[in-house]
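J.: One file: input_22.txt (compact mmCIF, C-alpha atoms).
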# COMPACT_ATOMS: atom_id res chain seq x y z
CA MET A 1 -27.97 125.04 45.86
CA LYS A 2 -31.37 125.58 44.30
CA ILE A 3 -32.85 122.56 42.53
CA LEU A 4 -36.08 122.14 40.59
CA ILE A 5 -38.18 118.98 40.77
CA ALA A 6 -40.87 118.49 38.15
CA ASP A 7 -43.15 115.50 38.59
CA ASP A 8 -46.91 115.15 38.18
CA ASP A 9 -46.92 112.15 40.54
CA PRO A 10 -47.42 113.66 44.03
CA VAL A 11 -45.87 110.62 45.77
CA SER A 12 -42.69 110.82 43.73
CA ARG A 13 -42.58 114.61 44.02
CA ARG A 14 -42.85 114.57 47.80
CA LEU A 15 -40.33 111.73 48.08
CA LEU A 16 -37.81 113.67 46.00
CA GLU A 17 -38.52 116.91 47.80
CA LYS A 18 -37.96 115.44 51.26
CA THR A 19 -34.84 113.53 50.17
CA LEU A 20 -33.28 116.64 48.67
CA LEU A 21 -34.28 118.95 51.52
CA GLN A 22 -32.55 116.57 53.89
CA ALA A 23 -29.49 116.62 51.62
CA GLY A 24 -29.33 120.40 52.01
CA TYR A 25 -30.77 121.56 48.69
CA ASP A 26 -33.06 124.53 48.28
CA VAL A 27 -35.96 122.73 46.58
CA LEU A 28 -38.55 124.11 44.17
CA ALA A 29 -41.16 121.44 43.32
CA VAL A 30 -43.60 121.89 40.43
CA PRO A 31 -46.31 119.50 39.19
CA ASN A 32 -45.89 119.82 35.41
CA GLY A 33 -43.51 120.47 32.54
CA MET A 34 -44.84 123.92 31.64
CA ALA A 35 -44.08 125.26 35.12
CA ALA A 36 -40.66 123.59 35.00
CA ALA A 37 -39.72 125.19 31.66
CA GLU A 38 -40.90 128.59 32.91
CA GLN A 39 -38.75 128.38 36.04
CA LEU A 40 -35.67 127.00 34.28
CA CYS A 41 -35.77 129.65 31.54
CA LYS A 42 -35.69 132.48 34.07
CA GLN A 43 -32.39 134.34 34.28
CA ASP A 44 -32.05 133.55 37.99
CA GLY A 45 -33.86 130.20 37.84
CA PRO A 46 -32.50 126.91 39.27
CA ARG A 47 -29.41 125.54 37.52
CA LEU A 48 -30.04 121.94 38.58
CA ALA A 49 -33.22 120.03 37.68
CA LEU A 50 -34.82 116.62 38.12
CA LEU A 51 -37.50 116.15 35.49
CA ASP A 52 -39.97 113.33 35.29
CA TRP A 53 -40.11 111.95 31.77
CA GLU A 54 -43.87 111.50 31.52
CA MET A 55 -45.78 114.66 32.33
CA PRO A 56 -48.95 116.13 30.84
CA GLU A 57 -48.66 119.02 28.34
CA LEU A 58 -44.87 119.18 28.31
CA ASP A 59 -42.90 116.04 29.09
CA GLY A 60 -39.34 115.90 30.44
CA PRO A 61 -37.54 115.75 27.05
CA ALA A 62 -39.66 118.68 25.79
CA VAL A 63 -38.67 120.72 28.87
CA CYS A 64 -35.00 119.94 28.07
CA ARG A 65 -35.45 121.15 24.50
CA GLU A 66 -37.09 124.40 25.67
CA VAL A 67 -34.29 125.09 28.13
CA ARG A 68 -31.55 124.35 25.59
CA LYS A 69 -33.10 126.88 23.18
CA LYS A 70 -32.15 129.65 25.60
CA LYS A 71 -28.59 130.61 24.75
CA ASP A 72 -28.27 133.71 26.90
CA GLN A 73 -28.26 132.10 30.32
CA GLY A 74 -26.02 129.90 32.45
CA TYR A 75 -25.98 126.16 31.88
CA VAL A 76 -28.81 124.13 33.42
CA TYR A 77 -27.92 120.56 34.40
CA MET A 78 -30.98 118.34 33.86
CA ILE A 79 -31.57 114.77 34.95
CA LEU A 80 -34.53 112.84 33.54
CA LEU A 81 -36.39 110.51 35.87
CA THR A 82 -37.88 107.56 34.11
CA SER A 83 -39.32 104.14 34.57
CA LYS A 84 -38.63 103.56 30.88
CA GLY A 85 -35.82 101.08 30.60
CA LEU A 86 -35.32 100.75 26.85
CA LYS A 87 -32.01 101.91 25.35
CA THR A 88 -33.89 103.79 22.61
CA ASP A 89 -35.76 105.76 25.28
CA ILE A 90 -32.51 106.67 26.99
CA VAL A 91 -31.01 107.79 23.68
CA THR A 92 -34.11 109.91 22.98
CA GLY A 93 -33.94 111.47 26.45
CA LEU A 94 -30.26 112.37 26.23
CA GLY A 95 -30.76 113.56 22.64
CA SER A 96 -33.32 116.11 23.86
CA GLY A 97 -30.63 117.85 25.88
CA ALA A 98 -30.77 116.00 29.21
CA ASP A 99 -27.41 115.47 30.89
CA ASP A 100 -28.23 112.27 32.71
CA TYR A 101 -31.10 109.97 33.60
CA LEU A 102 -32.17 108.04 36.65
CA THR A 103 -34.47 105.06 36.76
CA LYS A 104 -37.50 104.99 39.06
CA PRO A 105 -37.77 103.98 41.82
CA PHE A 106 -34.56 105.85 42.56
CA ASP A 107 -32.01 104.96 45.17
CA SER A 108 -31.33 108.03 47.32
CA GLY A 109 -27.58 107.36 47.42
CA GLU A 110 -27.40 107.16 43.63
CA LEU A 111 -29.60 110.24 43.27
CA LYS A 112 -27.34 112.32 45.52
CA ALA A 113 -24.20 111.05 43.78
CA ARG A 114 -25.57 112.00 40.36
CA LEU A 115 -26.56 115.43 41.63
CA ARG A 116 -23.04 115.94 42.96
CA THR A 117 -21.77 115.17 39.45
CA GLY A 118 -24.12 117.84 38.14
CA GLN A 119 -22.86 120.32 40.69
CA ARG A 120 -19.26 119.61 39.66
CA ILE A 121 -20.15 120.31 36.02
CA LEU A 122 -21.92 123.55 36.98
CA HIS A 123 -18.99 124.61 39.14
CA LEU A 124 -16.62 123.96 36.25
CA GLU A 125 -18.87 125.92 33.91
CA GLY A 126 -18.89 128.81 36.40
CA ARG A 127 -15.11 128.86 36.46
CA LEU A 128 -14.93 128.78 32.66
CA VAL A 129 -17.40 131.65 32.34
CA GLU A 130 -15.43 133.65 34.89
CA ALA A 131 -12.18 132.98 33.02
CA ARG A 132 -13.80 133.95 29.71
CA GLU A 133 -15.14 137.20 31.22
CA ASN A 134 -11.70 138.01 32.62
CA MET A 135 -10.13 137.40 29.22
CA ARG A 136 -12.80 139.48 27.52
CA PHE A 137 -12.14 142.33 29.94
CA LYS A 138 -8.40 142.09 29.40
CA ALA A 139 -8.87 142.06 25.63
CA THR A 140 -11.00 145.19 25.66
CA HIS A 141 -9.61 147.23 28.54
CA ASP A 142 -6.34 148.96 29.27
CA ALA A 143 -4.43 147.08 31.96
CA LEU A 144 -3.23 150.21 33.80
CA THR A 145 -6.36 152.38 33.86
CA SER A 146 -9.12 149.80 33.22
CA LEU A 147 -10.55 152.17 30.60
CA PHE A 148 -11.42 150.89 27.12
CA ASN A 149 -8.22 150.20 25.21
CA ARG A 150 -7.33 151.91 21.96
CA GLY A 151 -8.88 149.22 19.72
CA VAL A 152 -12.22 149.36 21.49
CA ILE A 153 -12.47 153.15 21.80
CA MET A 154 -11.66 153.48 18.09
CA GLU A 155 -14.36 150.96 17.24
CA LEU A 156 -16.84 152.79 19.45
CA LEU A 157 -15.88 156.07 17.79
CA GLY A 158 -16.55 154.61 14.34
CA ARG A 159 -19.90 153.27 15.47
CA GLU A 160 -20.88 156.51 17.17
CA ILE A 161 -20.02 158.62 14.14
CA SER A 162 -22.06 156.32 11.90
CA ARG A 163 -24.99 156.62 14.30
CA SER A 164 -24.66 160.40 14.47
CA ARG A 165 -24.54 160.63 10.66
CA ARG A 166 -27.61 158.44 10.36
CA GLU A 167 -29.63 160.28 12.99
CA ARG A 168 -28.06 163.72 12.41
CA ALA A 169 -27.35 163.73 16.13
CA PRO A 170 -24.68 165.93 17.70
CA THR A 171 -21.65 164.20 19.17
CA ALA A 172 -18.45 165.59 20.66
CA ILE A 173 -15.01 163.95 20.39
CA LEU A 174 -12.46 164.98 23.01
CA LEU A 175 -8.78 164.12 22.84
CA CYS A 176 -7.05 164.80 26.16
CA ASP A 177 -3.33 164.77 26.78
CA VAL A 178 -1.80 165.04 30.25
CA ASP A 179 0.52 168.06 30.27
CA HIS A 180 4.23 167.56 30.90
CA PHE A 181 3.71 163.91 31.63
CA LYS A 182 7.25 163.07 30.55
CA ASN A 183 8.47 165.33 33.37
CA VAL A 184 6.43 163.32 35.89
CA ASN A 185 8.08 160.11 34.77
CA ASP A 186 11.57 161.66 34.55
CA THR A 187 11.30 163.43 37.90
CA HIS A 188 9.34 160.98 40.04
CA GLY A 189 9.67 157.68 38.20
CA HIS A 190 7.29 155.55 36.18
CA LEU A 191 5.40 154.18 39.16
CA ILE A 192 4.29 157.69 40.09
CA GLY A 193 3.50 158.29 36.42
CA ASP A 194 1.25 155.23 36.53
CA GLU A 195 -0.49 156.57 39.63
CA VAL A 196 -1.15 159.86 37.83
CA LEU A 197 -2.59 158.08 34.79
CA ARG A 198 -4.82 155.86 36.94
CA GLU A 199 -6.19 158.85 38.82
CA ALA A 200 -6.64 160.89 35.64
CA ALA A 201 -8.58 157.97 34.12
CA ARG A 202 -10.75 157.68 37.23
CA ARG A 203 -11.60 161.37 37.19
CA LEU A 204 -12.41 161.36 33.48
CA LEU A 205 -14.73 158.45 33.98
CA LEU A 206 -16.45 160.17 36.89
CA SER A 207 -16.95 163.37 34.92
CA VAL A 208 -18.91 161.82 32.04
CA ARG A 209 -22.38 160.28 31.83
CA SER A 210 -22.86 156.52 32.01
CA TYR A 211 -23.53 156.31 28.26
CA ASP A 212 -20.47 158.34 27.18
CA TYR A 213 -17.24 156.52 26.32
CA VAL A 214 -13.76 157.03 27.72
CA GLY A 215 -10.71 155.14 26.45
CA ARG A 216 -6.94 155.24 26.69
CA TYR A 217 -5.84 156.35 23.25
CA GLY A 218 -2.08 156.25 23.79
CA GLY A 219 0.52 156.76 26.55
CA GLU A 220 -0.92 159.80 28.32
CA GLU A 221 -3.73 160.46 25.82
CA PHE A 222 -7.38 159.76 26.45
CA LEU A 223 -10.22 159.79 23.95
CA ILE A 224 -13.72 160.71 25.12
CA ILE A 225 -16.93 160.42 23.09
CA LEU A 226 -19.88 162.43 24.37
CA ASN A 227 -23.04 161.06 22.76
CA ASN A 228 -25.91 163.42 21.94
CA CYS A 229 -23.92 166.39 23.18
CA ASP A 230 -25.32 169.54 21.55
CA PRO A 231 -22.92 172.31 20.41
CA VAL A 232 -24.06 174.63 23.21
CA SER A 233 -23.31 172.11 25.95
CA ALA A 234 -20.07 170.74 24.48
CA PRO A 235 -17.75 173.60 25.56
CA ARG A 236 -19.17 173.54 29.08
CA ARG A 237 -18.88 169.76 29.31
CA ALA A 238 -15.30 169.83 27.98
CA GLU A 239 -14.39 172.51 30.50
CA GLU A 240 -15.87 170.46 33.37
CA ILE A 241 -13.84 167.46 32.27
CA ARG A 242 -10.63 169.50 31.99
CA ARG A 243 -11.20 170.95 35.46
CA SER A 244 -11.91 167.51 36.94
CA LEU A 245 -8.16 166.98 36.71
CA SER A 246 -6.72 170.46 37.16
CA ASP A 247 -8.84 171.64 40.12
CA THR A 248 -7.64 169.05 42.64
CA PRO A 249 -4.07 167.78 42.93
CA VAL A 250 -3.51 164.10 42.35
CA LEU A 251 -2.60 162.34 45.59
CA THR A 252 0.37 160.10 44.85
CA SER A 253 2.58 158.04 47.15
CA ILE A 254 5.13 160.88 47.10
CA GLY A 255 2.52 163.53 47.85
CA PRO A 256 0.07 165.69 45.90
CA LEU A 257 0.89 166.65 42.32
CA LEU A 258 -0.93 169.28 40.34
CA VAL A 259 -1.73 167.75 36.98
CA THR A 260 -3.42 169.41 34.00
CA MET A 261 -4.37 168.38 30.54
CA SER A 262 -4.79 169.95 27.13
CA MET A 263 -7.78 169.03 25.08
CA GLY A 264 -8.79 169.07 21.44
CA VAL A 265 -12.54 168.99 20.81
CA HIS A 266 -14.54 168.28 17.68
CA GLN A 267 -18.27 168.73 17.91
CA THR A 268 -20.91 168.69 15.24
CA ALA A 269 -24.19 167.22 14.10
CA ASN A 270 -23.20 167.58 10.46
CA TRP A 271 -20.57 164.93 9.89
CA GLY A 272 -20.04 165.20 6.15
CA VAL A 273 -17.95 162.47 4.55
CA GLN A 274 -14.82 162.62 6.66
CA SER A 275 -13.31 159.35 7.76
CA VAL A 276 -12.68 158.53 11.41
CA GLU A 277 -8.93 158.97 10.77
CA GLU A 278 -9.47 162.43 9.26
CA LEU A 279 -11.63 163.48 12.19
CA LEU A 280 -9.04 162.21 14.64
CA HIS A 281 -6.33 164.08 12.76
CA GLN A 282 -8.36 167.26 13.15
CA VAL A 283 -9.00 166.77 16.83
CA ASP A 284 -5.35 165.87 17.32
CA SER A 285 -4.35 169.13 15.65
CA ALA A 286 -6.75 170.99 17.94
CA MET A 287 -5.18 169.32 20.96
CA TYR A 288 -1.70 170.39 19.79
CA ALA A 289 -3.02 173.91 19.29
CA ALA A 290 -4.10 173.90 22.94
CA LYS A 291 -0.62 172.73 23.91
CA ALA A 292 0.98 175.44 21.78
CA ALA A 293 -1.25 178.07 23.33
CA GLY A 294 0.10 177.30 26.79
CA ARG A 295 -1.46 173.96 27.85
CA ASN A 296 -4.23 173.34 30.41
CA ARG A 297 -6.82 174.55 27.95
CA ILE A 298 -9.27 173.47 25.27
CA SER A 299 -9.08 173.99 21.54
CA PHE A 300 -12.02 173.37 19.21
CA THR A 301 -11.77 172.27 15.62
CA ILE A 302 -13.71 174.32 13.10
CA PRO A 303 -14.77 173.27 9.60
CA SER A 304 -12.31 175.62 7.89
CA ASP A 305 -9.52 173.46 9.24
CA THR A 306 -8.21 176.26 11.39
CA ASN A 307 -8.17 175.71 15.09
CA HIS A 308 -9.87 178.05 17.45
CA VAL A 309 -8.35 178.15 20.90
CA VAL A 310 -10.66 178.89 23.77
CA PRO A 311 -8.55 180.53 26.46
CA SER A 312 -8.89 178.83 29.73
CA GLU A 313 -7.43 179.82 33.03
CA THR A 314 -3.79 180.66 33.03
CA ALA A 315 -1.73 177.63 32.23
CA ARG A 316 -0.02 176.22 35.22
CA SER A 317 3.28 174.52 35.17
CA LEU A 318 3.41 170.99 36.31
CA ARG A 319 4.66 170.70 39.79
CA MET B 320 -44.61 98.15 64.11
CA ASN B 321 -46.92 96.04 61.99
CA VAL B 322 -45.01 95.02 58.85
CA ALA B 323 -47.07 94.38 55.71
CA THR B 324 -46.65 91.28 53.58
CA PRO B 325 -43.51 91.89 51.46
CA GLU B 326 -45.11 90.62 48.28
CA VAL B 327 -47.80 93.32 48.38
CA LEU B 328 -45.97 96.20 50.01
CA ASN B 329 -42.32 95.80 50.92
CA LEU B 330 -42.17 98.13 53.89
CA THR B 331 -38.62 97.16 54.79
CA GLU B 332 -37.42 98.20 51.34
CA LEU B 333 -39.49 101.38 51.43
CA LEU B 334 -38.13 102.38 54.83
CA SER B 335 -34.63 101.63 53.68
CA ARG B 336 -35.03 103.94 50.67
CA VAL B 337 -36.16 106.86 52.87
CA ASP B 338 -33.49 106.37 55.52
CA ASN B 339 -36.06 104.93 57.93
CA ASP B 340 -38.08 108.14 57.91
CA GLN B 341 -41.38 106.72 59.21
CA GLU B 342 -43.05 110.12 59.16
CA LEU B 343 -42.30 110.42 55.45
CA VAL B 344 -43.65 106.93 54.75
CA THR B 345 -46.89 107.82 56.54
CA GLU B 346 -47.12 111.01 54.50
CA LEU B 347 -46.44 109.19 51.19
CA LEU B 348 -49.07 106.54 51.93
CA SER B 349 -51.56 109.26 52.79
CA ILE B 350 -50.84 111.08 49.51
CA PHE B 351 -51.25 107.82 47.60
CA LYS B 352 -54.57 107.01 49.25
CA SER B 353 -55.91 110.45 48.45
CA VAL B 354 -55.02 110.41 44.73
CA PHE B 355 -55.37 106.70 43.93
CA PRO B 356 -59.21 106.55 43.55
CA SER B 357 -59.29 109.21 40.82
CA HIS B 358 -56.44 107.53 38.92
CA LEU B 359 -58.15 104.15 39.18
CA GLN B 360 -61.38 105.69 37.96
CA ARG B 361 -59.66 107.23 34.93
CA LEU B 362 -57.94 103.92 34.18
CA SER B 363 -61.26 102.02 34.44
CA ASP B 364 -62.95 104.54 32.13
CA ALA B 365 -60.13 104.26 29.60
CA VAL B 366 -60.37 100.46 29.58
CA ALA B 367 -64.18 100.56 29.33
CA ASN B 368 -64.00 103.03 26.46
CA GLU B 369 -61.15 101.14 24.77
CA LYS B 370 -58.78 104.10 24.73
CA PRO B 371 -55.32 102.47 24.68
CA GLN B 372 -53.38 105.73 24.81
CA GLN B 373 -55.15 106.78 28.00
CA VAL B 374 -54.71 103.29 29.42
CA GLU B 375 -50.98 103.53 28.72
CA ALA B 376 -50.63 107.00 30.28
CA GLU B 377 -52.71 106.28 33.38
CA SER B 378 -51.17 102.91 34.12
CA HIS B 379 -47.70 104.45 33.63
CA THR B 380 -48.47 107.05 36.32
CA LEU B 381 -49.82 104.37 38.68
CA LYS B 382 -46.80 102.16 38.04
CA GLY B 383 -44.46 105.01 39.01
CA MET B 384 -46.33 105.68 42.24
CA LEU B 385 -46.47 102.00 43.18
CA LEU B 386 -42.78 101.46 42.47
CA ASN B 387 -41.94 104.41 44.70
CA LEU B 388 -43.97 102.77 47.47
CA SER B 389 -42.32 99.36 46.93
CA ALA B 390 -45.65 97.85 45.92
CA ALA B 391 -44.06 95.58 43.35
CA ARG B 392 -46.98 93.29 42.57
CA ALA B 393 -49.47 96.05 41.80
CA ALA B 394 -46.71 97.89 39.88
CA ALA B 395 -46.14 94.78 37.73
CA ILE B 396 -49.82 94.57 36.81
CA ALA B 397 -49.82 98.32 36.03
CA ALA B 398 -46.80 97.68 33.77
CA ASP B 399 -48.76 94.92 31.98
CA LEU B 400 -51.62 97.36 31.42
CA GLU B 401 -49.19 99.97 30.17
CA ASN B 402 -47.77 97.51 27.64
CA LEU B 403 -51.25 96.50 26.49
CA GLY B 404 -52.07 100.16 25.99
CA ARG B 405 -48.84 100.82 24.09
CA GLU B 406 -49.45 97.81 21.87
CA LYS B 407 -53.15 98.75 21.53
CA LYS B 408 -54.22 95.27 22.65
CA THR B 409 -57.63 96.17 24.00
CA ALA B 410 -58.69 92.54 24.29
CA GLY B 411 -56.62 91.74 27.38
CA MET B 412 -57.19 95.04 29.15
CA SER B 413 -60.35 94.17 31.00
CA ASP B 414 -58.83 91.07 32.66
CA ALA B 415 -55.68 92.97 33.57
CA LEU B 416 -57.76 95.75 35.08
CA THR B 417 -59.69 93.25 37.19
CA ALA B 418 -56.41 91.78 38.44
CA PHE B 419 -55.14 95.26 39.20
CA GLN B 420 -58.28 96.22 41.12
CA ARG B 421 -58.02 93.04 43.20
CA GLU B 422 -54.38 93.72 43.98
CA ALA B 423 -55.15 97.36 44.80
CA GLU B 424 -57.78 96.32 47.34
CA ILE B 425 -55.26 94.14 49.16
CA LEU B 426 -52.65 96.88 48.94
CA LEU B 427 -54.96 99.50 50.42
CA LEU B 428 -55.84 97.12 53.27
CA GLN B 429 -52.13 96.57 53.92
CA MET B 430 -51.59 100.30 53.94
CA GLU B 431 -54.39 100.79 56.45
CA SER B 432 -52.77 98.23 58.74
CA ILE B 433 -49.42 100.04 58.88
CA GLU B 434 -48.86 101.82 62.16
CA PHE B 435 -45.59 103.15 63.41
CA GLN B 436 -44.83 103.29 67.11
CA GLN B 437 -44.09 106.85 68.27
Output the structure of this file as structure tokens.
T.:
Amino acid sequence: MKILIADDDPVSRRLLEKTLLQAGYDVLAVPNGMAAAEQLCKQDGPRLALLDWEMPELDGPAVCREVRKKKDQGYVYMILLTSKGLKTDIVTGLGSGADDYLTKPFDSGELKARLRTGQRILHLEGRLVEARENMRFKATHDALTSLFNRGVIMELLGREISRSRRERAPTAILLCDVDHFKNVNDTHGHLIGDEVLREAARRLLLSVRSYDYVGRYGGEEFLIILNNCDPVSAPRRAEEIRRSLSDTPVLTSIGPLLVTMSMGVHQTANWGVQSVEELLHQVDSAMYAAKAAGRNRISFTIPSDTNHVVPSETARSLR
Amino acid sequence: MNVATPEVLNLTELLSRVDNDQELVTELLSIFKSVFPSHLQRLSDAVANEKPQQVEAESHTLKGMLLNLSAARAAAIAADLENLGREKKTAGMSDALTAFQREAEILLLQMESIEFQQ
């Protein structure tokens, strides 16, 4: 583990460095508090530090305060080294954000034991962060497809429409529904249905740009938001996405299945005053128009509230 | 191995603290000898110019170094100087500095006499 030593006393610095190197640490030794704060505030800086209390320019407690100001990085466990023995000094040191203190001249056994305590705390923090990230992912992503869940994709849609209104930027909203999905479940079982949905999600994700959004809107429905997608490009992009599923059969554990989807598309740079729900209602109607027109095709919403179906290739039946 | 007088430099204690790493002790003594004169000079200047804050800071640094080297007697005098500086008692500083300089001379001689068998 990487550890930082900050001490302006070269004897103490070398003594600590050699002791910790022998204990298996990856040691970074600096001669003052400024250099220590700089290293510890780096995103990939050491997470364990031994700081001398008295240092020119920036002393140990001041380094602790600087490090604690940074909220966007992992926890740094800091031990102050001091020859100050007064209780008030100790209280001041710990109050500055230090986790522990050690009195000079240090005993190497005690030093190593206290560092092990620090490592345990950091390990625990790592596990908590990992658990929090897992929970955050689960709260925002669909368990089956790992796409954004309905709540998140709706929130992103609201944000994106607000941004588009503000900047008068074109955006396209695509609502995709896997054709005859009920038949897949009824014929092959829900596990195969799940495989189809996972693969459909994967292909949708691969067919958009990194800054577009894809979410699972409902059972076999997916909502896609194409940011800054001009009206000329939108039909082509929608067609590419539709074909990402229909062109290649989905390989399932019972063999390949040809799967298609119908898509409703709303694209504009002039958003008017419609609510997100109204827009979704429109795009939903467009998607049903595509279904009604034979499936495996795209239907665009138009301002007059009538849906314009763009014929695609001949609709195929689900096999 | 020529062991120094414990009261001035407790080599047994020092070796024990570094897991009997004689090479490291030699290196630490060498570092001390190279930086000590400039620290002593700054301390002497601070005492002569009656600058208690500088006396406190400089004697604190020297105390830390000396404690790490198990030079307890010199460290105790440095601690006295540090206290005088903190309490801004300039009157006693000159005598304490003289005592420290005397102790430092003996300490440096003891350090010179330390030789480890290979």
J.: Between atom CA of Lys42 of chain A and atom CA of Lys71 of chain A, measure the distance and give it in Å to one decimal.
T.: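 For atom CA of Lys42 of chain A relative to atom CA of Lys71 of chain A, the distance reads 11.9 Å.
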J.: Could you please select, counting all atoms listed in the file, the residues of chain A within 7 Å of chain B and state them as an NGL selection string?
T.: :A and (9-12 or 83 or 104-105 or 107-108)
J.: Using only C-alpha atoms, which of the listed residues (B:Glu375, B:Glu424, B:Glu332, B:Asp414) sits closest to Asn402 of chain B?
T.: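 Answer, going by the shortest atom-to-atom distance: B:Glu375.
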J.: Neighbouring residues of segment 271-277 of chain A were defined as those with any atom within 9 Å, considering only C-alpha atoms; residues of the same chain fewer than 6 positions away were excluded. Please report them as a list in words.
T.: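 Close residues of segment 271-277 of chain A: Met154, Leu157, Gly158, Ile161, Ser162, Ser164, Arg165, Arg168 and Pro170 of chain A.
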J.: So, counting all atoms listed in the file, which residue among A:Gly95, A:Pro256, A:Gly189, A:Gly264 is closest to Glu221 of chain A?
T.: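 Smallest separation from Glu221 of chain A among the options: A:Gly264.
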J.: If we count only C-alpha atoms, what is near Val152 of chain A at a cut-off of 8 Å, once residues fewer than 2 positions away on the same chain are taken out, given as an MDAnalysis selection string?
T.: chainID A and resid 140:141 148:150 154:156 215
J.: Please list as a list of chain:residue names every residue within 10 Å of Arg405 of chain B, counting all atoms listed in the file and excluding residues in the same chain fewer than 3 positions away.
T.: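 After dropping sequence-adjacent residues, the list is B:Pro371, B:Gln372, B:Gln373, B:Val374, B:Glu375, B:Ala376, B:Asp399, B:Leu400, B:Glu401, B:Asn402, B:Lys408, B:Thr409.
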